[in-house]
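Participant: What follows is the file coords_13.txt, containing compact mmCIF, C-alpha atoms:
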```txt
# COMPACT_ATOMS: atom_id res chain seq x y z
CA MET A 1 -49.50 -17.82 -1.69
CA LYS A 2 -47.92 -15.44 -4.16
CA VAL A 3 -44.57 -14.13 -2.90
CA LEU A 4 -42.21 -11.41 -4.13
CA VAL A 5 -38.57 -11.35 -2.94
CA ILE A 6 -36.69 -8.05 -3.22
CA GLY A 7 -32.97 -8.11 -4.11
CA SER A 8 -30.47 -9.53 -6.58
CA GLY A 9 -27.72 -11.37 -4.69
CA GLY A 10 -26.73 -14.72 -3.25
CA ARG A 11 -28.78 -14.10 -0.12
CA GLU A 12 -31.89 -13.57 -2.23
CA HIS A 13 -31.18 -16.75 -4.21
CA ALA A 14 -30.96 -18.66 -0.92
CA LEU A 15 -34.28 -17.16 0.21
CA VAL A 16 -35.91 -17.98 -3.14
CA ARG A 17 -34.76 -21.60 -3.07
CA LYS A 18 -35.92 -22.10 0.53
CA LEU A 19 -39.31 -20.43 -0.10
CA LYS A 20 -39.76 -22.72 -3.14
CA GLU A 21 -39.87 -25.69 -0.74
CA SER A 22 -43.13 -24.45 0.82
CA PRO A 23 -46.20 -26.41 -0.32
CA ARG A 24 -48.23 -23.21 0.18
CA LEU A 25 -46.30 -21.31 -2.51
CA THR A 26 -48.13 -20.87 -5.81
CA LYS A 27 -46.11 -18.08 -7.46
CA LEU A 28 -42.66 -16.63 -6.80
CA TRP A 29 -41.16 -13.43 -8.20
CA CYS A 30 -37.84 -11.73 -7.51
CA ALA A 31 -37.10 -8.05 -8.19
CA PRO A 32 -34.72 -7.53 -9.86
CA GLY A 33 -33.16 -10.99 -9.34
CA ASN A 34 -30.21 -12.28 -11.41
CA GLY A 35 -29.33 -14.94 -13.96
CA GLY A 36 -29.35 -17.82 -11.51
CA ILE A 37 -32.46 -16.65 -9.64
CA ALA A 38 -34.27 -16.58 -13.01
CA ARG A 39 -34.09 -20.40 -13.00
CA ASP A 40 -36.03 -20.54 -9.70
CA ALA A 41 -38.37 -17.53 -9.80
CA GLU A 42 -39.79 -15.07 -12.32
CA CYS A 43 -37.49 -12.05 -12.33
CA VAL A 44 -39.11 -8.62 -12.51
CA ASP A 45 -37.20 -5.61 -13.86
CA ILE A 46 -37.72 -3.37 -10.83
CA LYS A 47 -34.74 -2.05 -8.87
CA ALA A 48 -34.54 -3.16 -5.23
CA ALA A 49 -34.70 0.45 -4.01
CA ASP A 50 -37.70 1.41 -6.20
CA ILE A 51 -40.37 1.62 -3.51
CA PRO A 52 -43.20 3.00 -5.73
CA GLY A 53 -42.40 0.39 -8.39
CA VAL A 54 -42.47 -2.50 -5.90
CA VAL A 55 -45.72 -1.28 -4.31
CA ALA A 56 -47.39 -0.89 -7.72
CA PHE A 57 -46.28 -4.36 -8.85
CA ALA A 58 -47.44 -5.99 -5.61
CA LYS A 59 -50.87 -4.34 -5.87
CA SER A 60 -51.44 -5.12 -9.56
CA ASN A 61 -50.30 -8.75 -9.22
CA GLY A 62 -52.12 -9.62 -5.99
CA VAL A 63 -48.89 -10.39 -4.13
CA ASP A 64 -49.63 -11.94 -0.72
CA LEU A 65 -46.19 -11.41 0.82
CA VAL A 66 -43.17 -9.24 -0.03
CA VAL A 67 -39.83 -10.31 1.49
CA VAL A 68 -37.58 -7.22 1.64
CA ALA A 69 -34.05 -8.60 1.87
CA PRO A 70 -31.49 -5.77 1.25
CA ASP A 71 -30.55 -3.00 3.70
CA ASP A 72 -31.20 0.06 1.48
CA PRO A 73 -34.94 -0.45 0.83
CA LEU A 74 -35.49 -1.37 4.49
CA ALA A 75 -33.74 1.82 5.65
CA ALA A 76 -35.79 3.81 3.12
CA GLY A 77 -39.10 2.47 4.45
CA MET A 78 -40.24 -0.10 1.87
CA VAL A 79 -42.03 -2.23 4.49
CA ASP A 80 -43.90 0.86 5.77
CA ALA A 81 -44.96 1.77 2.21
CA LEU A 82 -46.19 -1.76 1.45
CA GLU A 83 -48.13 -2.06 4.70
CA ALA A 84 -49.73 1.36 4.09
CA GLU A 85 -51.27 -0.22 0.97
CA GLY A 86 -52.43 -3.30 2.85
CA ILE A 87 -49.66 -5.57 1.54
CA ARG A 88 -48.00 -7.95 3.98
CA ALA A 89 -44.22 -7.58 4.14
CA PHE A 90 -41.40 -9.35 5.98
CA GLY A 91 -38.76 -7.01 7.35
CA PRO A 92 -38.47 -4.17 9.88
CA HIS A 93 -40.08 -0.77 9.52
CA LYS A 94 -37.88 2.22 8.66
CA ALA A 95 -37.62 3.30 12.32
CA ALA A 96 -36.38 -0.15 13.37
CA ALA A 97 -34.02 -0.51 10.40
CA GLN A 98 -32.01 2.37 11.91
CA ILE A 99 -30.29 -0.27 14.04
CA GLU A 100 -28.24 -1.05 10.92
CA ALA A 101 -28.60 2.17 8.92
CA SER A 102 -26.83 4.24 11.60
CA LYS A 103 -23.81 2.99 13.55
CA VAL A 104 -24.19 6.03 15.81
CA PHE A 105 -27.79 5.06 16.62
CA SER A 106 -26.87 1.44 17.37
CA LYS A 107 -23.86 2.35 19.54
CA ASN A 108 -25.90 4.88 21.52
CA LEU A 109 -28.67 2.30 21.96
CA MET A 110 -26.23 -0.25 23.36
CA LYS A 111 -24.70 2.32 25.69
CA LYS A 112 -28.11 3.46 26.98
CA TYR A 113 -29.36 -0.08 27.64
CA ASN A 114 -26.09 -1.64 28.84
CA ILE A 115 -25.74 -4.07 25.95
CA PRO A 116 -22.07 -5.18 25.84
CA THR A 117 -20.11 -3.62 22.96
CA ALA A 118 -16.76 -1.96 22.28
CA GLY A 119 -16.03 1.50 23.71
CA TYR A 120 -16.54 4.26 21.15
CA GLN A 121 -16.69 7.97 20.31
CA VAL A 122 -18.65 9.77 17.58
CA PHE A 123 -17.17 12.53 15.39
CA THR A 124 -18.61 14.94 12.83
CA GLU A 125 -15.32 16.72 12.01
CA PRO A 126 -12.23 14.96 10.59
CA GLU A 127 -9.71 17.09 12.49
CA ALA A 128 -11.37 16.33 15.83
CA ALA A 129 -11.32 12.61 15.05
CA LEU A 130 -7.66 12.71 14.03
CA ALA A 131 -6.74 14.68 17.16
CA GLU A 132 -8.37 11.98 19.30
CA ILE A 133 -6.53 9.22 17.42
CA ARG A 134 -3.22 11.02 18.03
CA ARG A 135 -4.08 11.56 21.70
CA GLU A 136 -5.00 7.91 22.27
CA ASN A 137 -2.04 6.67 20.19
CA SER A 138 -3.32 3.10 20.49
CA TYR A 139 -3.46 0.77 17.50
CA PRO A 140 -5.17 -0.95 15.85
CA VAL A 141 -8.11 1.50 15.88
CA VAL A 142 -11.48 0.74 14.33
CA ILE A 143 -13.03 3.45 12.13
CA LYS A 144 -16.63 3.06 10.96
CA ALA A 145 -18.75 5.15 8.64
CA ASP A 146 -22.09 5.92 10.31
CA GLY A 147 -24.36 4.87 7.46
CA LEU A 148 -24.76 2.01 5.00
CA ALA A 149 -21.68 1.32 2.87
CA LEU A 150 -22.26 -2.05 1.19
CA GLY A 151 -20.59 -3.80 4.13
CA LYS A 152 -17.32 -2.00 3.42
CA GLY A 153 -17.57 1.02 5.74
CA VAL A 154 -15.19 -0.35 8.38
CA VAL A 155 -11.42 0.15 8.46
CA ILE A 156 -9.08 -1.39 11.04
CA ALA A 157 -6.11 1.00 10.97
CA GLN A 158 -2.76 -0.38 12.12
CA ASP A 159 -1.03 3.00 12.45
CA TYR A 160 -1.71 6.74 12.24
CA ALA A 161 -1.08 6.95 8.50
CA GLN A 162 -3.78 4.32 7.81
CA ALA A 163 -6.15 5.98 10.27
CA GLU A 164 -5.72 9.41 8.69
CA GLN A 165 -6.24 7.99 5.21
CA ALA A 166 -9.47 6.25 6.33
CA VAL A 167 -10.88 9.28 8.16
CA ARG A 168 -10.19 11.65 5.26
CA ALA A 169 -11.52 9.17 2.68
CA MET A 170 -14.80 8.79 4.58
CA MET A 171 -15.35 12.38 5.78
CA GLU A 172 -13.68 14.54 3.12
CA ASP A 173 -13.55 12.44 -0.06
CA LYS A 174 -17.02 11.00 0.72
CA ILE A 175 -16.13 7.55 -0.67
CA PHE A 176 -19.35 6.29 0.97
CA GLY A 177 -21.37 9.43 0.23
CA GLU A 178 -23.29 10.87 3.18
CA SER A 179 -22.72 7.61 5.11
CA GLY A 180 -19.33 9.03 6.11
CA SER A 181 -20.59 12.40 7.36
CA ARG A 182 -20.32 11.00 10.87
CA ILE A 183 -17.82 8.37 11.93
CA VAL A 184 -17.41 6.13 14.95
CA LEU A 185 -13.98 5.51 16.47
CA GLU A 186 -14.17 2.19 18.25
CA GLU A 187 -12.04 0.20 20.66
CA PHE A 188 -10.33 -2.74 18.95
CA LEU A 189 -11.55 -6.05 20.39
CA THR A 190 -10.03 -9.48 19.92
CA GLY A 191 -11.56 -12.94 19.81
CA PRO A 192 -13.46 -15.22 17.44
CA GLU A 193 -16.28 -13.61 15.46
CA VAL A 194 -19.73 -15.15 15.32
CA SER A 195 -22.76 -14.33 13.19
CA VAL A 196 -26.15 -15.14 14.69
CA LEU A 197 -29.27 -14.39 12.67
CA ALA A 198 -32.52 -14.40 14.61
CA PHE A 199 -36.21 -14.36 13.75
CA THR A 200 -38.11 -11.92 15.96
CA ASP A 201 -41.65 -10.59 16.07
CA GLY A 202 -40.72 -7.84 18.53
CA LYS A 203 -41.56 -10.02 21.54
CA CYS A 204 -40.01 -13.44 20.99
CA VAL A 205 -36.47 -14.06 19.70
CA ARG A 206 -35.69 -17.32 17.92
CA PRO A 207 -31.99 -17.47 17.00
CA MET A 208 -31.04 -19.45 13.90
CA VAL A 209 -28.02 -21.76 13.80
CA SER A 210 -24.71 -19.92 14.17
CA SER A 211 -22.27 -19.17 11.36
CA LYS A 212 -18.86 -17.65 10.69
CA ASP A 213 -18.15 -15.23 7.85
CA HIS A 214 -14.72 -14.78 6.23
CA LYS A 215 -14.55 -11.07 5.34
CA ARG A 216 -11.04 -10.64 3.95
CA ALA A 217 -10.39 -11.12 0.24
CA LEU A 218 -7.34 -13.38 0.57
CA ASP A 219 -6.24 -16.50 2.43
CA ASN A 220 -5.01 -16.19 6.03
CA ASP A 221 -7.40 -13.25 6.55
CA GLU A 222 -5.27 -10.97 4.41
CA GLY A 223 -6.29 -8.42 1.79
CA ALA A 224 -9.14 -5.94 1.69
CA ASN A 225 -12.47 -6.27 3.51
CA THR A 226 -15.21 -7.64 1.26
CA GLY A 227 -18.89 -8.37 1.63
CA GLY A 228 -17.85 -11.92 2.59
CA MET A 229 -15.77 -14.59 0.82
CA GLY A 230 -17.31 -17.65 2.44
CA THR A 231 -19.11 -18.99 5.48
CA ILE A 232 -19.47 -22.06 7.65
CA SER A 233 -22.22 -23.25 9.98
CA PRO A 234 -22.19 -24.03 12.83
CA ASN A 235 -19.54 -21.67 14.20
CA PRO A 236 -17.08 -23.89 16.14
CA PHE A 237 -16.58 -21.21 18.82
CA TYR A 238 -20.28 -20.78 19.65
CA ASP A 239 -21.33 -23.34 22.27
CA ASP A 240 -24.55 -23.75 24.26
CA GLU A 241 -23.28 -21.72 27.22
CA THR A 242 -22.22 -18.84 24.97
CA ALA A 243 -25.65 -18.97 23.31
CA ARG A 244 -27.32 -18.74 26.73
CA VAL A 245 -25.19 -15.73 27.73
CA CYS A 246 -25.91 -14.01 24.41
CA MET A 247 -29.65 -14.53 24.81
CA GLU A 248 -29.62 -13.03 28.31
CA THR A 249 -27.20 -10.15 27.77
CA ILE A 250 -27.59 -9.26 24.08
CA PHE A 251 -30.51 -10.76 22.11
CA LEU A 252 -33.45 -10.13 24.46
CA PRO A 253 -32.06 -6.81 25.78
CA THR A 254 -31.78 -5.54 22.19
CA ILE A 255 -35.42 -6.36 21.43
CA HIS A 256 -36.52 -4.77 24.71
CA ALA A 257 -34.39 -1.69 23.99
CA MET A 258 -35.95 -1.23 20.56
CA ASN A 259 -39.44 -1.55 22.07
CA ALA A 260 -38.55 1.00 24.75
CA GLU A 261 -37.42 3.40 22.01
CA GLY A 262 -40.75 3.01 20.19
CA ARG A 263 -39.05 1.13 17.34
CA PRO A 264 -40.28 -2.47 17.66
CA PHE A 265 -38.19 -4.77 15.45
CA LYS A 266 -39.97 -7.46 13.41
CA GLY A 267 -38.08 -9.53 10.85
CA CYS A 268 -34.59 -10.99 10.81
CA LEU A 269 -32.11 -9.31 13.15
CA TYR A 270 -28.45 -10.16 12.58
CA PHE A 271 -26.06 -10.05 15.52
CA GLY A 272 -22.39 -9.70 14.58
CA LEU A 273 -20.59 -10.79 17.74
CA MET A 274 -17.05 -11.07 19.03
CA LEU A 275 -16.29 -13.57 21.79
CA THR A 276 -13.77 -11.55 23.81
CA PRO A 277 -11.90 -12.71 26.92
CA LYS A 278 -14.43 -10.62 28.88
CA GLY A 279 -17.45 -12.21 27.21
CA PRO A 280 -19.54 -11.72 24.05
CA ARG A 281 -19.67 -8.19 22.59
CA VAL A 282 -21.78 -6.77 19.76
CA ILE A 283 -19.65 -5.67 16.79
CA GLU A 284 -22.61 -4.74 14.58
CA TYR A 285 -26.29 -5.26 13.95
CA ASN A 286 -27.86 -5.88 10.56
CA ALA A 287 -31.58 -5.39 10.02
CA ARG A 288 -31.85 -8.35 7.63
CA PHE A 289 -30.46 -11.73 6.62
CA GLY A 290 -26.67 -11.65 6.28
CA ASP A 291 -24.88 -12.32 3.01
CA PRO A 292 -23.25 -14.88 2.69
CA GLU A 293 -24.37 -16.22 6.11
CA THR A 294 -27.86 -16.95 4.76
CA GLN A 295 -26.30 -19.33 2.23
CA VAL A 296 -25.19 -21.71 5.02
CA VAL A 297 -27.99 -21.06 7.55
CA LEU A 298 -31.07 -21.62 5.36
CA PRO A 299 -29.86 -24.97 3.92
CA ARG A 300 -30.01 -26.25 7.52
CA LEU A 301 -33.59 -25.02 8.07
CA GLU A 302 -36.03 -27.95 8.03
CA SER A 303 -39.20 -25.96 8.80
CA ASP A 304 -41.31 -24.00 6.29
CA LEU A 305 -39.76 -20.53 5.89
CA LEU A 306 -43.04 -19.12 4.65
CA ASP A 307 -44.81 -20.23 7.85
CA ILE A 308 -42.07 -18.65 9.98
CA MET A 309 -42.23 -15.34 8.12
CA GLU A 310 -46.00 -15.19 8.55
CA ALA A 311 -45.67 -15.96 12.27
CA VAL A 312 -43.21 -13.05 12.58
CA ILE A 313 -45.59 -10.65 10.82
CA ASP A 314 -48.56 -11.79 12.92
CA GLY A 315 -46.70 -11.64 16.26
CA ARG A 316 -47.08 -15.35 17.00
CA LEU A 317 -43.49 -16.50 16.59
CA GLU A 318 -43.54 -18.12 20.05
CA GLU A 319 -46.06 -20.70 18.78
CA GLN A 320 -44.07 -21.50 15.63
CA GLU A 321 -42.05 -24.70 15.53
CA ILE A 322 -38.58 -24.20 13.98
CA GLN A 323 -36.41 -27.24 13.28
CA TRP A 324 -32.77 -27.28 12.18
CA SER A 325 -30.64 -30.00 10.61
CA PRO A 326 -27.69 -31.18 12.72
CA GLN A 327 -25.57 -31.23 9.55
CA ALA A 328 -22.82 -28.71 8.87
CA ALA A 329 -22.79 -26.37 5.88
CA ALA A 330 -20.02 -24.53 4.04
CA CYS A 331 -20.12 -21.83 1.35
CA VAL A 332 -17.17 -20.81 -0.83
CA VAL A 333 -17.62 -17.54 -2.74
CA MET A 334 -16.19 -17.38 -6.26
CA ALA A 335 -15.42 -13.73 -7.02
CA SER A 336 -14.44 -11.70 -10.08
CA GLY A 337 -10.76 -10.92 -10.59
CA GLY A 338 -10.00 -7.61 -8.90
CA TYR A 339 -12.91 -7.75 -6.40
CA PRO A 340 -13.46 -5.84 -4.07
CA ALA A 341 -11.84 -3.14 -6.26
CA GLN A 342 -12.31 -2.90 -10.06
CA TYR A 343 -13.43 -5.97 -12.01
CA LYS A 344 -14.84 -6.88 -15.43
CA LYS A 345 -18.38 -8.09 -16.12
CA GLY A 346 -19.81 -10.26 -18.86
CA ILE A 347 -17.27 -13.10 -18.61
CA ALA A 348 -18.64 -16.52 -19.61
CA ILE A 349 -18.99 -19.11 -16.80
CA SER A 350 -18.46 -22.80 -17.60
CA GLY A 351 -19.20 -25.90 -15.53
CA LEU A 352 -22.79 -25.05 -14.57
CA SER A 353 -25.90 -26.93 -15.68
CA LYS A 354 -28.66 -25.10 -17.56
CA ASP A 355 -30.19 -24.45 -14.13
CA GLY A 356 -26.94 -22.92 -12.93
CA GLN A 357 -26.18 -25.82 -10.59
CA VAL A 358 -23.56 -28.56 -10.10
CA PRO A 359 -23.95 -32.11 -8.74
CA GLY A 360 -23.34 -32.52 -5.00
CA ALA A 361 -23.65 -28.84 -4.06
CA THR A 362 -26.01 -25.89 -4.31
CA VAL A 363 -24.81 -22.89 -6.30
CA TYR A 364 -26.29 -19.60 -5.11
CA HIS A 365 -25.93 -16.94 -7.78
CA ALA A 366 -24.80 -13.56 -6.44
CA GLY A 367 -23.58 -11.68 -9.52
CA THR A 368 -24.63 -13.47 -12.71
CA ALA A 369 -26.66 -12.65 -15.81
CA LEU A 370 -28.05 -14.81 -18.59
CA HIS A 371 -26.90 -14.14 -22.14
CA GLY A 372 -29.24 -16.40 -24.02
CA GLU A 373 -28.66 -19.76 -22.32
CA GLU A 374 -25.17 -18.87 -21.07
CA PHE A 375 -24.38 -17.61 -17.57
CA VAL A 376 -21.95 -14.69 -17.43
CA THR A 377 -20.44 -12.71 -14.56
CA ASN A 378 -22.30 -9.55 -13.52
CA GLY A 379 -20.86 -8.55 -10.15
CA GLY A 380 -17.95 -8.78 -7.74
CA ARG A 381 -19.13 -11.82 -5.85
CA VAL A 382 -20.33 -14.13 -8.60
CA LEU A 383 -21.29 -17.49 -7.04
CA GLY A 384 -21.68 -18.97 -3.56
CA VAL A 385 -20.96 -22.68 -3.83
CA THR A 386 -22.56 -24.40 -0.84
CA ALA A 387 -22.57 -27.96 0.44
CA THR A 388 -23.76 -29.77 3.55
CA GLY A 389 -22.24 -32.79 5.30
CA GLU A 390 -22.28 -34.80 8.49
CA THR A 391 -19.19 -32.84 9.54
CA LEU A 392 -17.75 -29.48 8.58
CA GLU A 393 -14.84 -31.27 6.88
CA GLN A 394 -17.28 -33.20 4.68
CA ALA A 395 -19.19 -30.05 3.78
CA LEU A 396 -15.98 -28.19 2.90
CA GLU A 397 -14.64 -31.08 0.81
CA LYS A 398 -17.88 -31.22 -1.21
CA ALA A 399 -18.01 -27.43 -1.66
CA TYR A 400 -14.40 -27.19 -2.86
CA ARG A 401 -14.86 -30.18 -5.17
CA ALA A 402 -17.82 -28.36 -6.74
CA VAL A 403 -15.81 -25.12 -7.03
CA SER A 404 -13.06 -26.98 -8.91
CA GLY A 405 -15.52 -27.78 -11.71
CA ILE A 406 -16.65 -24.18 -12.28
CA HIS A 407 -14.55 -21.79 -14.33
CA PHE A 408 -14.52 -18.19 -15.51
CA GLU A 409 -11.59 -15.99 -16.46
CA GLY A 410 -10.07 -14.22 -13.44
CA ALA A 411 -12.07 -16.20 -10.88
CA HIS A 412 -10.65 -16.08 -7.39
CA TYR A 413 -11.72 -17.65 -4.13
CA ARG A 414 -10.27 -18.34 -0.72
CA ARG A 415 -8.84 -21.80 -0.20
CA ASP A 416 -8.97 -21.67 3.59
CA ILE A 417 -12.68 -21.27 4.34
CA GLY A 418 -13.41 -23.08 7.59
CA LYS A 419 -9.73 -23.72 8.37
CA ILE A 420 -10.02 -22.03 11.75
CA GLN A 421 -7.56 -22.56 14.54
CA LYS A 422 -9.10 -22.64 18.00
CA VAL A 423 -8.36 -19.35 19.74
```
What is this structure when it is put down as structure tokens?
Facilitator:
Amino acid sequence: MKVLVIGSGGREHALVRKLKESPRLTKLWCAPGNGGIARDAECVDIKAADIPGVVAFAKSNGVDLVVVAPDDPLAAGMVDALEAEGIRAFGPHKAAAQIEASKVFSKNLMKKYNIPTAGYQVFTEPEAALAEIRRENSYPVVIKADGLALGKGVVIAQDYAQAEQAVRAMMEDKIFGESGSRIVLEEFLTGPEVSVLAFTDGKCVRPMVSSKDHKRALDNDEGANTGGMGTISPNPFYDDETARVCMETIFLPTIHAMNAEGRPFKGCLYFGLMLTPKGPRVIEYNARFGDPETQVVLPRLESDLLDIMEAVIDGRLEEQEIQWSPQAAACVVMASGGYPAQYKKGIAISGLSKDGQVPGATVYHAGTALHGEEFVTNGGRVLGVTATGETLEQALEKAYRAVSGIHFEGAHYRRDIGKIQKV
């Protein structure tokens, strides 16, 4: 099979490396890819959001399967466009991708179908939102931009000044463009967070192994929200009983709700959960593999990812065997100095082999480019250094040992990934 992966980050590198394991794979492209991905697949100079370009390439190169990984092309209808030309694609249709593309849609869906989530209100005017915040006078308050915002459209305001700044930045200054035209004010929940990715063909739901993302830029969960500074799998807070409750009250009801709305979801559905004292609650949905969760989940997958993706497309996921390694996995993200704010690009990276790897760990490239034979930084999150072990402690020790051998000017990473106190 000839396969094209869409995207350019660490998640896409993890997908590329797992797809490479399939004996059925004969050719692998990635559009646009990055420096590290170029060592594992042929990179194509087509932007991830260029739907006509992707369709044209897939047709002219006889691509058998397109894996659409990022949120923007899914929300814009890339899967619909590919299928209209008879090209098989993994990922939800545009109508189903709304579950991530609009926070308002997803919150209203959960309310309508009694899927447990935080209480919320929707606002289209900043003054009305601010009046409600003053009336409630309860902090912290969660403020979310309605649309896609590179994983950064959520602010947890500790007081009115922070809340006002966030509301005005989203709705008046348009820091997220039209994504902030509507906002959601949400009840603040407490408890451990869990990420559960699930394969679904719109009928059957097959959850993957659990993981935990570390969103804040600095140790001790301090600093700005990022796209994710590291992950571990399994999540120590997610036990078999919690998994059973989530399947009954969240996973299956979500799939049924989407079917009832005429938006059947096929692909990878990501459940961002919080385990509150009153039970699991949905914090967010993503319509695709999470980043950097994929970098610890896929290394534990022992089955053929290509077979699973085809079973999803064909609606026969229930028949598909999916096996997972009992080992633990840990990923430490090495980021550019200044991320998630301003940062430089083009800084030389040392300590990597010519394939962009290090002994004892897997390096997923998120923001790199190749200058000749040299890897240089080309993004905020640069590398996801991942290791597996019999225990989480072993996996973390191996990952951090690998990180210590990689260098670039201004590199920063959290030193407390996986150091989670039981709540």
Participant: For segment 414-419 of chain A, work out the shell of residues within 7 Å, counting all atoms listed in the file and skipping chain neighbours fewer than 3 positions away, then give it as a PyMOL selection string.
Facilitator: chain A and resi 218-219+229-232+332
Participant: Atoms to include: C-alpha atoms. Write the selected residues as a PDB file, in the coordinates of the input.
Facilitator:
```pdb
ATOM      1  CA  LEU A 218      -7.340 -13.380   0.570  1.00  0.00           C
ATOM      2  CA  ASP A 219      -6.240 -16.500   2.430  1.00  0.00           C
ATOM      3  CA  MET A 229     -15.770 -14.590   0.820  1.00  0.00           C
ATOM      4  CA  GLY A 230     -17.310 -17.650   2.440  1.00  0.00           C
ATOM      5  CA  THR A 231     -19.110 -18.990   5.480  1.00  0.00           C
ATOM      6  CA  ILE A 232     -19.470 -22.060   7.650  1.00  0.00           C
ATOM      7  CA  VAL A 332     -17.170 -20.810  -0.830  1.00  0.00           C
TER       8      VAL A 332
END
```
Participant: So which one's closest to Ala224 of chain A, A:Val67, A:Val16, A:Ala369, A:Ala157? Using all atoms listed in the file, please.
Facilitator: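 Comparing A:Val67, A:Val16, A:Ala369, A:Ala157 against Ala224 of chain A, the winner is A:Ala157.
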Participant: Go through A:Ala387, A:Ile349, A:Val363, A:Val245 one by one, measure the shortest atom-to-atom distance of each to Ala329 of chain A using only C-alpha atoms, and give the residue with the smallest value.
Facilitator: A:Ala387
Participant: Quote the spacing between atom CA of Lys107 of chain A and atom CA of Phe123 of chain A in Å to one decimal place.
Facilitator: 12.9 Å
Participant: Using all atoms listed in the file for the distances, tell me which of A:Ala97, A:Leu4, A:Ala161, A:Val333 is nearest to Asn286 of chain A.
Facilitator: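 Looking only at the distances to Asn286 of chain A, the closest residue turns out to be A:Ala97.
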Participant: So that I can see what lies close to Trp29 of chain A, please list as JSON, numbers by chain the residues with an atom at most 7 Å from it, counting all atoms listed in the file and leaving out residues fewer than 2 positions away in the same chain.
Facilitator: {"A": [3, 4, 5, 27, 31, 41, 42, 43, 44]}
Participant: So, counting all atoms listed in the file, which residue among A:Phe408, A:Tyr113, A:Phe265, A:Phe105 is closest to Ile250 of chain A?
Facilitator: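 Closest candidate: A:Tyr113.
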Participant: Find the residue from A:Leu370, A:Cys204, A:Ala335, A:Val167 that sits nearest to Thr254 of chain A; use only C-alpha atoms when measuring.
Facilitator: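 Residue with the minimum atom-to-atom distance to Thr254 of chain A: A:Cys204.
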Participant: Give me, as a list in words, all polymer residues having an atom no more than 8 Å from Gly337 of chain A, counting only C-alpha atoms and skipping those fewer than 4 positions away in the same chain.
Facilitator: Tyr343, Lys344, Glu409, Gly410, Ala411 and His412 of chain A
Participant: Residues of the last selection are to be written out with C-alpha atoms, as a PDB file, in the frame of the given file.
Facilitator:
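The result, written out as again.pdb:
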```pdb
ATOM      1  CA  TYR A 343     -13.430  -5.970 -12.010  1.00  0.00           C
ATOM      2  CA  LYS A 344     -14.840  -6.880 -15.430  1.00  0.00           C
ATOM      3  CA  GLU A 409     -11.590 -15.990 -16.460  1.00  0.00           C
ATOM      4  CA  GLY A 410     -10.070 -14.220 -13.440  1.00  0.00           C
ATOM      5  CA  ALA A 411     -12.070 -16.200 -10.880  1.00  0.00           C
ATOM      6  CA  HIS A 412     -10.650 -16.080  -7.390  1.00  0.00           C
TER       7      HIS A 412
END
```
Participant: If I put a ball of radius 9 Å at (-29.5, -17.2, -2.8) in the file's coordinates, which residues poke into it when counting all atoms listed in the file, written as number ranges by chain?
Facilitator: A: 8-18, 36-37, 291-292, 294-295, 363-366, 384
Participant: Which is closer to Lys354 of chain A than all the others in A:Gly191, A:Glu373, A:Pro32, A:Ser138, using all atoms listed in the file?
Facilitator: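 Smallest separation from Lys354 of chain A among the options: A:Glu373.
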Participant: Tell me, in Å to one decimal, how far atom CA of Gly351 of chain A is from atom CA of Ala399 of chain A.
Facilitator: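 Pair atom CA of Gly351 of chain A / atom CA of Ala399 of chain A returns 14.0 Å.
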Participant: What does the distance between atom CA of Tyr285 of chain A and atom CA of Gly272 of chain A come to in Å, to one decimal place?
Facilitator: 5.9 Å
Participant: Excluding same-chain residues fewer than 3 positions from Glu132 of chain A, what lies within 12 Å of it counting all atoms listed in the file, as a list in words?
Facilitator: Tyr120, Gln121, Val122, Phe123, Glu125, Pro126, Glu127, Ala128, Ala129, Arg135, Glu136, Asn137, Ser138, Val141, Tyr160, Ala163, Glu164, Val167, Val184, Leu185 and Glu186 of chain A
Participant: Using all atoms listed in the file - which residues lie no farther than 12 Å from the point (-37.8, -13.5, 4.5) in the file's frame? Write them as a count of residues only.
Facilitator: 49
Participant: Please provide as a VMD selection string all residues within 9 Å of Glu393 of chain A, with the sequence filter that same-chain residues fewer than 4 positions apart are discarded (counting all atoms listed in the file).
Facilitator: chain A and resid 328 330 389 397 to 398 418
Participant: Please determine an axis-aligned box that encloses all atoms of segment 30-48 of chain A listed in the file, with 6 Å added on each side, and express its centre and edge lengths in Å to one decimal as AutoDock Vina command-line options.
Facilitator:
```
--center_x -34.6 --center_y -11.3 --center_z -9.6 --size_x 22.5 --size_y 30.5 --size_z 20.7
```
